[in-house]
Every structure is written in structure tokens, then in C-alpha cells.
file data_12.pdb (PDB, C-alpha atoms)
ATOM      1  CA  MET A 257     -12.283  26.928  -7.448
ATOM      2  CA  PRO A 258     -14.489  23.828  -7.106
ATOM      3  CA  PHE A 259     -11.559  21.473  -6.547
ATOM      4  CA  ILE A 260     -10.507  23.446  -3.456
ATOM      5  CA  GLU A 261     -13.830  22.422  -1.907
ATOM      6  CA  GLU A 262     -13.016  18.806  -2.790
ATOM      7  CA  ILE A 263      -9.638  19.144  -1.080
ATOM      8  CA  LYS A 264     -11.345  20.361   2.102
ATOM      9  CA  LYS A 265     -13.097  16.987   2.344
ATOM     10  CA  LEU A 266      -9.765  15.167   2.688
ATOM     11  CA  LYS A 267      -7.441  14.613   5.635
ATOM     12  CA  SER A 268      -4.335  14.427   3.445
ATOM     13  CA  LEU A 269      -3.373  15.450  -0.088
ATOM     14  CA  SER A 270      -0.216  15.012  -2.147
ATOM     15  CA  VAL A 271       0.875  17.474  -4.817
ATOM     16  CA  VAL A 272       3.085  15.634  -7.283
ATOM     17  CA  GLY A 273       4.921  16.776 -10.402
ATOM     18  CA  LEU A 274       5.474  14.510 -13.389
ATOM     19  CA  GLN A 275       8.843  16.198 -13.834
ATOM     20  CA  LYS A 276      10.954  18.871 -12.196
ATOM     21  CA  ASN A 277       9.658  22.386 -13.006
ATOM     22  CA  THR A 278       6.142  21.328 -14.016
ATOM     23  CA  GLY A 279       4.647  23.785 -11.522
ATOM     24  CA  LYS A 280       4.289  21.576  -8.466
ATOM     25  CA  THR A 281       5.464  24.193  -5.962
ATOM     26  CA  GLU A 282       3.303  26.882  -7.551
ATOM     27  CA  THR A 283       0.362  24.504  -7.327
ATOM     28  CA  LEU A 284       1.076  23.895  -3.656
ATOM     29  CA  ASN A 285       1.252  27.641  -2.985
ATOM     30  CA  TYR A 286      -1.994  28.138  -4.899
ATOM     31  CA  ILE A 287      -3.743  25.593  -2.673
ATOM     32  CA  ILE A 288      -2.180  26.886   0.547
ATOM     33  CA  LYS A 289      -3.258  30.469  -0.183
ATOM     34  CA  ARG A 290      -6.855  29.373  -0.682
ATOM     35  CA  LEU A 291      -6.818  27.347   2.513
ATOM     36  CA  LYS A 292      -5.019  29.881   4.712
ATOM     37  CA  ASN A 293      -8.028  30.212   7.005
ATOM     38  CA  GLU A 294      -8.290  26.430   7.484
ATOM     39  CA  ASN A 295      -6.462  24.245  10.004
ATOM     40  CA  ILE A 296      -3.883  22.765   7.660
ATOM     41  CA  GLY A 297      -0.428  21.289   7.923
ATOM     42  CA  MET A 298       2.248  20.547   5.372
ATOM     43  CA  THR A 299       5.447  18.636   4.803
ATOM     44  CA  SER A 300       7.520  17.206   1.983
ATOM     45  CA  ILE A 301       8.943  13.845   1.088
ATOM     46  CA  GLY A 302      12.585  14.551   0.398
ATOM     47  CA  ILE A 303      14.057  18.014  -0.148
ATOM     48  CA  ASP A 304      12.142  20.790  -1.874
ATOM     49  CA  GLY A 305      11.365  24.497  -1.543
ATOM     50  CA  GLU A 306      14.680  25.805  -2.965
ATOM     51  CA  SER A 307      14.461  29.389  -4.260
ATOM     52  CA  THR A 308      16.700  28.358  -7.175
ATOM     53  CA  ASP A 309      16.524  25.045  -9.014
ATOM     54  CA  GLN A 310      19.752  23.204  -8.205
ATOM     55  CA  VAL A 311      19.935  21.563 -11.650
ATOM     56  CA  THR A 312      18.805  24.248 -14.102
ATOM     57  CA  GLN A 313      19.620  27.278 -11.883
ATOM     58  CA  THR A 314      16.223  28.736 -12.792
ATOM     59  CA  PRO A 315      14.132  30.634 -10.204
ATOM     60  CA  LYS A 316      11.402  28.625  -8.504
ATOM     61  CA  PRO A 317       8.706  29.792  -6.103
ATOM     62  CA  GLU A 318       9.236  29.383  -2.385
ATOM     63  CA  ILE A 319       6.625  27.772  -0.166
ATOM     64  CA  LYS A 320       4.652  30.337   1.810
ATOM     65  CA  ILE A 321       3.342  29.589   5.290
ATOM     66  CA  TYR A 322       0.506  31.529   6.925
ATOM     67  CA  LYS A 323      -0.076  32.191  10.616
ATOM     68  CA  ASN A 324      -1.211  29.115  12.639
ATOM     69  CA  MET A 325      -0.312  26.645   9.891
ATOM     70  CA  ILE A 326       1.648  23.602  11.025
ATOM     71  CA  PHE A 327       4.661  22.486   9.028
ATOM     72  CA  ALA A 328       7.296  19.767   9.222
ATOM     73  CA  THR A 329      10.787  20.300   7.878
ATOM     74  CA  ALA A 330      14.380  19.264   8.577
ATOM     75  CA  GLU A 331      16.423  21.093  11.232
ATOM     76  CA  LYS A 332      18.719  22.791   8.729
ATOM     77  CA  PHE A 333      15.826  24.488   6.972
ATOM     78  CA  TYR A 334      13.890  25.128  10.166
ATOM     79  CA  LYS A 335      16.802  27.141  11.529
ATOM     80  CA  ALA A 336      17.119  29.068   8.244
ATOM     81  CA  LYS A 337      13.539  30.395   8.187
ATOM     82  CA  LYS A 338      12.919  34.057   9.023
ATOM     83  CA  PHE A 339       9.606  33.946  10.858
ATOM     84  CA  THR A 340       8.714  32.965  14.416
ATOM     85  CA  SER A 341       7.130  29.624  15.189
ATOM     86  CA  GLU A 342       6.374  27.258  18.046
ATOM     87  CA  ILE A 343       8.091  23.858  18.039
ATOM     88  CA  LEU A 344       5.591  21.051  18.608
ATOM     89  CA  ASP A 345       7.708  17.948  17.997
ATOM     90  CA  VAL A 346      11.226  16.872  17.018
ATOM     91  CA  SER A 347      11.786  13.433  15.512
ATOM     92  CA  ALA A 348      14.041  10.833  17.078
ATOM     93  CA  LYS A 349      15.192   9.763  13.610
ATOM     94  CA  THR A 350      17.264  12.034  11.406
ATOM     95  CA  THR A 351      17.448  12.901   7.719
ATOM     96  CA  SER A 352      20.657  13.778   5.887
ATOM     97  CA  ILE A 353      20.116  17.414   6.970
ATOM     98  CA  GLY A 354      18.890  16.859  10.510
ATOM     99  CA  ARG A 355      15.878  15.758  12.508
ATOM    100  CA  VAL A 356      12.357  16.595  11.341
ATOM    101  CA  VAL A 357      10.844  19.509  13.272
ATOM    102  CA  ILE A 358       7.070  19.958  13.460
ATOM    103  CA  ALA A 359       6.118  23.541  14.297
ATOM    104  CA  ARG A 360       3.238  26.018  14.244
ATOM    105  CA  ALA A 361       3.790  29.321  12.412
ATOM    106  CA  LEU A 362       3.164  32.384  14.596
ATOM    107  CA  GLU A 363       3.308  34.701  11.597
ATOM    108  CA  GLU A 364       3.548  34.585   7.801
ATOM    109  CA  GLY A 365       6.800  33.549   6.188
ATOM    110  CA  LYS A 366       8.572  31.365   3.671
ATOM    111  CA  VAL A 367      10.205  28.052   4.427
ATOM    112  CA  LEU A 368      12.182  25.329   2.693
ATOM    113  CA  LEU A 369      10.419  22.004   3.145
ATOM    114  CA  ALA A 370      12.501  18.872   3.595
ATOM    115  CA  GLY A 371      10.523  16.141   5.265
ATOM    116  CA  PRO A 372      10.963  12.413   5.863
ATOM    117  CA  GLN A 373      12.702  10.485   3.130
ATOM    118  CA  ASP A 374      10.672   7.276   3.116
ATOM    119  CA  THR A 375       6.979   6.498   2.812
ATOM    120  CA  VAL A 376       6.530   4.909   6.240
ATOM    121  CA  TRP A 377       8.045   7.917   7.980
ATOM    122  CA  ILE A 378       6.026  10.385   5.922
ATOM    123  CA  LYS A 379       2.833   8.571   6.901
ATOM    124  CA  GLN A 380       3.824   8.728  10.578
ATOM    125  CA  THR A 381       4.569  12.440  10.202
ATOM    126  CA  ILE A 382       1.169  13.107   8.632
ATOM    127  CA  ASP A 383      -0.486  11.338  11.570
ATOM    128  CA  LYS A 384       1.539  13.459  14.027
ATOM    129  CA  ILE A 385       0.618  16.687  12.236
ATOM    130  CA  ASN A 386      -3.058  15.715  12.258
ATOM    131  CA  GLY A 387      -2.707  15.015  15.974
ATOM    132  CA  PHE A 388      -2.013  18.718  16.534
ATOM    133  CA  GLY A 389      -5.501  19.655  15.367
ATOM    134  CA  THR A 390      -5.179  19.993  11.608
ATOM    135  CA  THR A 391      -8.041  18.921   9.380
ATOM    136  CA  LEU A 392      -5.809  18.512   6.313
ATOM    137  CA  THR A 393      -2.113  17.843   5.675
ATOM    138  CA  LEU A 394      -0.516  18.696   2.323
ATOM    139  CA  VAL A 395       2.479  16.689   1.116
ATOM    140  CA  ASP A 396       4.897  18.152  -1.394
ATOM    141  CA  GLY A 397       5.944  15.176  -3.484
ATOM    142  CA  ALA A 398       9.574  14.440  -4.272
ATOM    143  CA  ILE A 399      10.858  15.075  -7.785
ATOM    144  CA  SER A 400      10.104  12.212 -10.205
ATOM    145  CA  ARG A 401       8.552  10.153  -7.411
ATOM    146  CA  LEU A 402       4.856   9.432  -7.205
ATOM    147  CA  SER A 403       5.050   7.502  -3.925
ATOM    148  CA  PRO A 404       3.418  10.249  -1.799
ATOM    149  CA  SER A 405       0.340   9.931  -4.004
ATOM    150  CA  SER A 406      -0.140   6.317  -2.962
ATOM    151  CA  PRO A 407      -3.568   5.944  -1.309
ATOM    152  CA  ALA A 408      -1.735   4.227   1.537
ATOM    153  CA  ILE A 409      -0.148   7.599   2.349
ATOM    154  CA  THR A 410      -2.534  10.359   1.251
ATOM    155  CA  GLU A 411      -6.270  10.314   0.541
ATOM    156  CA  GLY A 412      -6.006  12.283  -2.683
ATOM    157  CA  MET A 413      -3.600  13.896  -5.109
ATOM    158  CA  VAL A 414      -3.166  16.836  -7.447
ATOM    159  CA  LEU A 415      -0.996  16.119 -10.481
ATOM    160  CA  ALA A 416       1.227  18.848 -11.974
ATOM    161  CA  THR A 417       2.331  18.450 -15.572
ATOM    162  CA  GLY A 418       3.870  20.786 -18.103
ATOM    163  CA  ALA A 419       6.381  21.729 -20.769
ATOM    164  CA  ALA A 420       9.337  20.767 -18.555
ATOM    165  CA  LEU A 421       8.385  17.178 -19.381
ATOM    166  CA  THR A 422       8.646  17.879 -23.121
ATOM    167  CA  ILE A 423       7.927  20.847 -25.380
ATOM    168  CA  ASN A 424       6.265  18.536 -27.905
ATOM    169  CA  MET A 425       2.533  19.027 -27.232
ATOM    170  CA  LYS A 426       1.544  15.602 -28.566
ATOM    171  CA  GLU A 427       4.189  13.818 -26.505
ATOM    172  CA  LEU A 428       3.346  15.832 -23.380
ATOM    173  CA  VAL A 429      -0.332  14.915 -23.645
ATOM    174  CA  LYS A 430       0.611  11.276 -24.273
ATOM    175  CA  LYS A 431       2.809  11.060 -21.174
ATOM    176  CA  THR A 432       0.234  12.814 -19.012
ATOM    177  CA  LYS A 433      -2.509  10.553 -20.371
ATOM    178  CA  HIS A 434      -0.509   7.470 -19.390
ATOM    179  CA  THR A 435      -0.189   8.653 -15.794
ATOM    180  CA  ILE A 436      -3.877   9.575 -15.590
ATOM    181  CA  ASN A 437      -4.788   6.152 -17.000
ATOM    182  CA  LEU A 438      -2.687   4.462 -14.298
ATOM    183  CA  ILE A 439      -4.323   6.573 -11.588
ATOM    184  CA  ASN A 440      -7.751   5.527 -12.889
ATOM    185  CA  ILE A 441      -7.119   1.762 -12.911
ATOM    186  CA  GLU A 442     -10.056  -0.003 -11.280
ATOM    187  CA  GLU A 443      -9.902  -1.771  -7.931
ATOM    188  CA  PHE A 444      -9.708  -5.559  -7.691
ATOM    189  CA  GLY A 445     -12.073  -6.022  -4.782
ATOM    190  CA  MET A 446     -10.206  -8.425  -2.490
ATOM    191  CA  THR A 447      -9.018  -5.673  -0.132
ATOM    192  CA  HIS A 448      -7.878  -8.194   2.485
ATOM    193  CA  LEU A 449      -4.902  -8.938   0.232
ATOM    194  CA  LYS A 450      -3.225  -5.806   1.617
ATOM    195  CA  SER A 451      -2.597  -7.664   4.876
ATOM    196  CA  LEU A 452      -0.378 -10.236   3.121
ATOM    197  CA  LYS A 453       3.356 -10.103   3.735
ATOM    198  CA  ASN A 454       5.732  -9.030   0.964
ATOM    199  CA  GLY A 455       5.821 -11.486  -1.892
ATOM    200  CA  VAL A 456       4.064 -12.798  -5.001
ATOM    201  CA  TYR A 457       0.766 -14.678  -4.797
ATOM    202  CA  MET A 458      -1.504 -16.629  -7.121
ATOM    203  CA  ILE A 459      -5.288 -16.591  -6.715
ATOM    204  CA  ASN A 460      -7.559 -19.206  -8.251
ATOM    205  CA  GLU A 461     -11.214 -19.003  -9.298
ATOM    206  CA  SER A 462     -12.308 -19.980  -5.776
ATOM    207  CA  LYS A 463     -10.325 -16.978  -4.472
ATOM    208  CA  GLU A 464      -7.889 -19.277  -2.695
ATOM    209  CA  ILE A 465      -4.410 -17.810  -2.300
ATOM    210  CA  LYS A 466      -1.000 -19.453  -2.754
ATOM    211  CA  LYS A 467       2.325 -17.724  -2.094
ATOM    212  CA  LEU A 468       5.016 -18.362  -4.701
ATOM    213  CA  SER A 469       8.672 -19.059  -3.930
ATOM    214  CA  ILE A 470       9.949 -15.817  -5.469
ATOM    215  CA  LYS A 471      10.002 -12.680  -3.315
ATOM    216  CA  SER A 472       9.448 -10.246  -6.176
ATOM    217  CA  ILE A 473       8.022 -10.154  -9.692
ATOM    218  CA  LEU A 474      11.401  -8.775 -10.728
ATOM    219  CA  ASN A 475      12.692 -12.332 -10.158
ATOM    220  CA  PHE A 476       9.914 -14.060 -12.109
ATOM    221  CA  GLU A 477      12.367 -15.805 -14.449
ATOM    222  CA  LYS A 478      13.808 -17.682 -11.457
ATOM    223  CA  LEU A 479      10.453 -19.287 -10.668
ATOM    224  CA  GLU A 480      10.778 -23.035 -11.169
ATOM    225  CA  GLU A 481       7.061 -23.860 -10.985
ATOM    226  CA  ASP A 482       4.476 -22.920 -13.610
ATOM    227  CA  PHE A 483       3.009 -19.511 -12.852
ATOM    228  CA  PHE A 484      -0.497 -20.590 -13.789
ATOM    229  CA  SER A 485      -0.661 -24.076 -12.318
ATOM    230  CA  TYR A 486      -2.662 -22.655  -9.399
ATOM    231  CA  GLY A 487      -4.618 -19.793 -10.899
ATOM    232  CA  ASN A 488      -4.710 -16.945 -13.391
ATOM    233  CA  THR A 489      -4.658 -13.968 -11.009
ATOM    234  CA  ILE A 490      -1.287 -12.682  -9.850
ATOM    235  CA  TYR A 491      -0.932 -10.356  -6.866
ATOM    236  CA  THR A 492       2.408  -8.788  -6.020
ATOM    237  CA  THR A 493       3.180  -6.505  -3.091
ATOM    238  CA  GLY A 494       6.022  -5.007  -5.101
ATOM    239  CA  SER A 495       6.329  -3.347  -8.495
ATOM    240  CA  ILE A 496       5.707  -4.556 -12.026
ATOM    241  CA  THR A 497       7.738  -3.607 -15.083
ATOM    242  CA  ASP A 498       7.637  -3.848 -18.878
ATOM    243  CA  LYS A 499       9.608  -7.087 -18.827
ATOM    244  CA  PHE A 500       6.937  -8.918 -16.834
ATOM    245  CA  LEU A 501       3.991  -7.618 -18.860
ATOM    246  CA  LYS A 502       5.796  -8.541 -22.092
ATOM    247  CA  TYR A 503       6.203 -12.075 -20.731
ATOM    248  CA  LEU A 504       2.513 -12.286 -19.824
ATOM    249  CA  SER A 505       1.434 -10.916 -23.198
ATOM    250  CA  LYS A 506       3.032 -13.950 -24.892
ATOM    251  CA  GLN A 507       1.084 -16.488 -22.794
ATOM    252  CA  LYS A 508      -1.683 -18.538 -24.419
ATOM    253  CA  ASN A 509      -4.000 -17.870 -21.479
ATOM    254  CA  ILE A 510      -3.476 -14.083 -21.624
ATOM    255  CA  LYS A 511      -7.234 -13.398 -21.804
ATOM    256  CA  LYS A 512      -7.672 -15.033 -18.391
ATOM    257  CA  ILE A 513      -4.719 -13.306 -16.715
ATOM    258  CA  THR A 514      -5.249 -10.561 -14.136
ATOM    259  CA  VAL A 515      -2.353  -8.740 -12.472
ATOM    260  CA  VAL A 516      -3.057  -6.963  -9.170
ATOM    261  CA  VAL A 517      -0.775  -4.444  -7.449
ATOM    262  CA  LYS A 518      -1.230  -2.355  -4.298
ATOM    263  CA  ASP A 519      -1.764   0.920  -6.158
ATOM    264  CA  PHE A 520      -0.720   2.776  -9.308
ATOM    265  CA  THR A 521       2.627   3.894  -7.834
ATOM    266  CA  LYS A 522       3.764   0.263  -8.131
ATOM    267  CA  ILE A 523       3.336   0.259 -11.923
ATOM    268  CA  PHE A 524       6.500   1.005 -13.923
ATOM    269  CA  VAL A 525       5.407   0.204 -17.457
ATOM    270  CA  THR A 526       5.444   2.173 -20.693
ATOM    271  CA  PRO A 527       2.218   3.080 -22.509
ATOM    272  CA  GLU A 528       3.155   0.848 -25.455
ATOM    273  CA  VAL A 529       3.712  -2.298 -23.379
ATOM    274  CA  LEU A 530       0.583  -1.730 -21.287
ATOM    275  CA  SER A 531      -1.470  -1.202 -24.447
ATOM    276  CA  ILE A 532      -0.288  -4.505 -25.955
ATOM    277  CA  PHE A 533      -0.995  -6.333 -22.680
ATOM    278  CA  LYS A 534      -4.554  -5.003 -22.602
ATOM    279  CA  LYS A 535      -5.237  -5.477 -26.338
ATOM    280  CA  ARG A 536      -4.290  -9.141 -26.040
ATOM    281  CA  GLY A 537      -6.780  -9.569 -23.228
ATOM    282  CA  GLY A 538      -4.751  -9.053 -20.054
ATOM    283  CA  THR A 539      -6.253  -7.201 -17.083
ATOM    284  CA  LEU A 540      -4.490  -4.891 -14.632
ATOM    285  CA  LYS A 541      -6.098  -3.973 -11.282
ATOM    286  CA  VAL A 542      -5.140  -2.206  -8.039
ATOM    287  CA  LEU A 543      -6.103  -2.923  -4.434
ATOM    288  CA  LYS A 544      -6.639   0.757  -3.734
ATOM    289  CA  LYS A 545      -7.381   3.463  -6.279
ATOM    290  CA  THR A 546      -5.921   6.929  -5.866
ATOM    291  CA  LYS A 547      -8.372   9.841  -5.855
ATOM    292  CA  LEU A 548      -7.255  12.399  -8.417
ATOM    293  CA  ILE A 549      -8.574  15.835  -7.419
ATOM    294  CA  ALA A 550      -7.193  18.042 -10.201
ATOM    295  CA  VAL A 551      -4.475  18.405 -12.834
ATOM    296  CA  THR A 552      -2.459  21.608 -13.105
ATOM    297  CA  VAL A 553      -0.456  22.597 -16.166
ATOM    298  CA  ASN A 554       2.643  24.736 -16.609
ATOM    299  CA  PRO A 555       3.017  25.515 -20.329
ATOM    300  CA  THR A 556       6.457  27.116 -19.897
ATOM    301  CA  SER A 557       9.637  25.033 -20.004
ATOM    302  CA  PRO A 558      12.735  25.890 -17.882
ATOM    303  CA  ASN A 559      14.503  27.268 -20.978
ATOM    304  CA  GLY A 560      11.648  29.686 -21.667
ATOM    305  CA  TYR A 561       9.757  27.896 -24.459
ATOM    306  CA  THR A 562       6.013  28.310 -23.941
ATOM    307  CA  LEU A 563       3.220  26.095 -25.256
ATOM    308  CA  ASN A 564      -0.301  27.383 -25.878
ATOM    309  CA  SER A 565      -1.886  27.210 -22.417
ATOM    310  CA  LEU A 566      -5.498  26.923 -23.604
ATOM    311  CA  GLU A 567      -4.645  24.186 -26.086
ATOM    312  CA  LEU A 568      -2.697  22.273 -23.444
ATOM    313  CA  LYS A 569      -5.533  22.551 -20.906
ATOM    314  CA  ASN A 570      -8.144  21.481 -23.444
ATOM    315  CA  ASN A 571      -6.087  18.498 -24.632
ATOM    316  CA  ILE A 572      -5.606  17.234 -21.083
ATOM    317  CA  GLN A 573      -9.193  18.007 -20.071
ATOM    318  CA  GLU A 574     -10.307  15.511 -22.723
ATOM    319  CA  LEU A 575      -8.478  12.815 -20.728
ATOM    320  CA  THR A 576     -10.172  13.359 -17.373
ATOM    321  CA  THR A 577     -13.300  14.569 -15.638
ATOM    322  CA  VAL A 578     -11.389  16.426 -12.894
ATOM    323  CA  PRO A 579     -10.558  20.151 -13.287
ATOM    324  CA  VAL A 580      -7.514  21.046 -15.394
ATOM    325  CA  ILE A 581      -6.084  24.512 -14.678
ATOM    326  CA  ASN A 582      -3.060  26.735 -15.138
ATOM    327  CA  VAL A 583      -2.646  28.182 -11.629
ATOM    328  CA  ARG A 584      -0.876  31.272 -12.988
ATOM    329  CA  GLU A 585      -4.081  32.213 -14.798
ATOM    330  CA  GLU A 586      -6.320  31.746 -11.777
ATOM    331  CA  THR A 587      -7.096  34.801  -9.671
ATOM    332  CA  VAL A 588     -10.095  33.564  -7.651
TER     333      VAL A 588
END

call {"tool": "encode", "arguments": {"input": "data_12.pdb", "output": "C-alpha cells"}}
result
Amino acid sequence: MPFIEEIKKLKSLSVVGLQKNTGKTETLNYIIKRLKNENIGMTSIGIDGESTDQVTQTPKPEIKIYKNMIFATAEKFYKAKKFTSEILDVSAKTTSIGRVVIARALEEGKVLLAGPQDTVWIKQTIDKINGFGTTLTLVDGAISRLSPSSPAITEGMVLATGAALTINMKELVKKTKHTINLINIEEFGMTHLKSLKNGVYMINESKEIKKLSIKSILNFEKLEEDFFSYGNTIYTTGSITDKFLKYLSKQKNIKKITVVVKDFTKIFVTPEVLSIFKKRGGTLKVLKKTKLIAVTVNPTSPNGYTLNSLELKNNIQELTTVPVINVREETV
């Protein structure tokens, strides 16, 4: 598949599901199988790789490791694997189920991945894995969390969506479209803003920067000074929500307002609120855009209801220029 060649150009890739059981693990296995002759590594943010879903009790595919691949997982799961491997590193810090072990597989086998549980640690782990000679590290994203797909952590991402999100085709396409739209938000340009400490900043037309007294946009109602007395561009190192965009959409100077966040994983807004903000003239930008490599679809819900795979793929393909595939249908 063409997108596998695109993956080979990266040093790190996250595979993230929009919902539990959307086919994320199958997507990861699909990629791993097609890269089994490459120098790759893998880990997870949080706990994954269970043979049975702990919520729905439905079967889910295990993560398969091939000879010479490097993987990072928590001690509990490392000890439970049934294939031989060489330990390369053991973390000083510990997760809820033990330290993180980085090892090289000496034969094929299946493993439960449970990596670092925060974004800083996962980034450090990726760097360590790459230090053992890998050309690419795959990150299995945590359920309902898009943080591993931040461009600050991985260079690219594959998005897994499917009927587990909803069995209503129209609603499924709508929710997937919203995420793709967030991923595709354009960059602001002032990349040096990423060096600023946590907080909220205003930028004027001369690109001069002023830090506001509030530490987070979530506390914007506590701001005593006028937001726009210094400029019309707002940069926050944290997240933005519906409440803030609704507030901005009511401002008289809305057509001049630009909101900038680090990347799309910092945006927690509904499609409806974002649409109103944009229609009234507001602009939303990111410091760093995430590179979407492909979208995979799983038309079957956990309770067995199956959507039309071709229709689902075609509907989502209309939203993006990257490949949209059902990995169960791919044999190449």
C-alpha cells in the first residue's frame, strides 16, 4: 500500500482510535506486518494489547512482534510474554504495573503493550528506542486520547474510525470529519511561540507578545483586563473549549480574532461551536500541524452490527486526500 511507503519516511508514527474498538490494534498489526523487515520499534501510551476487551468482553487482536523488533512495555506484561527477547533498558520510573522494559525480540511472538502514561515520558521512550538503531517507532495510542498524535511526540499519525463510534453512518462520518478538520488546521507561522512558558498570551499587529495574568484559557472569566486591549491574536499553551469559543463568537471584533494553540490535540470543541466561530469570522490556527498518513475504517460495531464498508470508505474518502482503507479487506 502507498501509505506504508509514506510511513517509512518517518521516525515516529502514532496509531490512534477515535473510540474503543474502531480497529486501532488491527491497524497497528497491519502496519507492523508490512514493516517486519524494517528496523522498527513500538510502544503504547497507557495500557493496551488485551486479548479481550475489558469493557465489552469482546475479542480483540493481540499485537504481534517479529524477530529483531524492539518494543517497550511494562514489567507485568513483559514477564507474561511467551517468546524470548533481549532486555536493552529498564526505566527508573514506574507505571501502575511496573517499570517500562525496552527489549529486542529474538523470535516472533505476541505481547501486551503498556507503555509510559504521560506524553513527556512517551517522547523520552521513543528517543531511547530510536537510540537502539530503529528507523521508525510506532506508538499505540491510548483509548479516547489523541495526545500521542501530537506533532510534538510523533511525526505522523494514522487515524482509526468505525462503527464502534456510532452505527449511524451520517453521524459517524460527521464525527470523523470533525477530527480530520482539526488535524488539517493551518499553521500560524510564529513557531518561536512554542518556547514560551505555560500561560495565555496576546499578540498585536506588530507581533509583539504580552503574557496575561491568567494561567489558562479555562480561567478566562477571571481575567480583569480587556482581552483585546493589546491585540487580537490569542495564543494559549493549554487547551480551548466550547465555552471560550462561544465567548469569542459574541465579540464585536470577531472577524479580527485569531486563536492559536500548540496543535490539534489541544482543541476540545464541538463541530457546531467551531462552525459558528468560523462563520462569524473567527480564525483558529496551530503552531504545528499533524501529518495525517491514512484513515482506517472498521465498519463492524462491538455488538455485531455492520455498516456497508464501501459506502463508509467512500464517504470518508471525500473528506481527505490521504488513503482510506479497511485493513481487513487488504491482502497486499

call {"tool": "closest_residue", "arguments": {"input": "data_12.pdb", "among": "A:Ser270, A:Thr390, A:Asn559, A:Ser347", "to": "Asn324 in chain A", "atoms": "only C-alpha atoms"}}
result
A:Thr390

call {"tool": "resolve_selection", "arguments": {"input": "data_12.pdb", "expression": "the PyMOL selection byres ((chain A and resi 468-482) around 9)", "output": "VMD selection string"}}
result
chain A and resid 454 to 458 466 to 467 483 to 486 492 to 497 499 to 500

call {"tool": "axis_aligned_box", "arguments": {"input": "data_12.pdb", "around": "range 346-350 of chain A", "padding_each_side": "6 Å", "output": "AutoDock Vina command-line options"}}
result
--center_x 14.2 --center_y 13.3 --center_z 14.2 --size_x 18.0 --size_y 19.1 --size_z 17.7

call {"tool": "resolve_selection", "arguments": {"input": "data_12.pdb", "expression": "the PyMOL selection byres ((chain A and resi 366) around 8)", "output": "list in words"}}
result
Glu318, Ile319, Lys320, Ile321, Lys337, Lys338, Phe339, Glu364, Gly365, Val367 and Leu368 of chain A

call {"tool": "residues_around", "arguments": {"input": "data_12.pdb", "residues": "Leu530 in chain A", "least_positions_apart": "4", "cutoff": "12 Å", "atoms": "all atoms listed in the file", "output": "VMD selection string"}}
result
chain A and resid 434 to 435 437 to 438 441 496 to 505 515 523 to 526 534 to 540

call {"tool": "resolve_selection", "arguments": {"input": "data_12.pdb", "expression": "the PyMOL selection byres ((chain A and resi 551) around 8)", "output": "list in words"}}
result
Val414, Leu415, Ala416, Thr417, Leu548, Ile549, Ala550, Thr552, Val553, Val578, Pro579, Val580 and Ile581 of chain A

call {"tool": "closest_residue", "arguments": {"input": "data_12.pdb", "among": "A:Ser300, A:Ser531, A:Asn295, A:Thr521", "to": "Lys280 in chain A", "atoms": "all atoms listed in the file"}}
result
A:Ser300
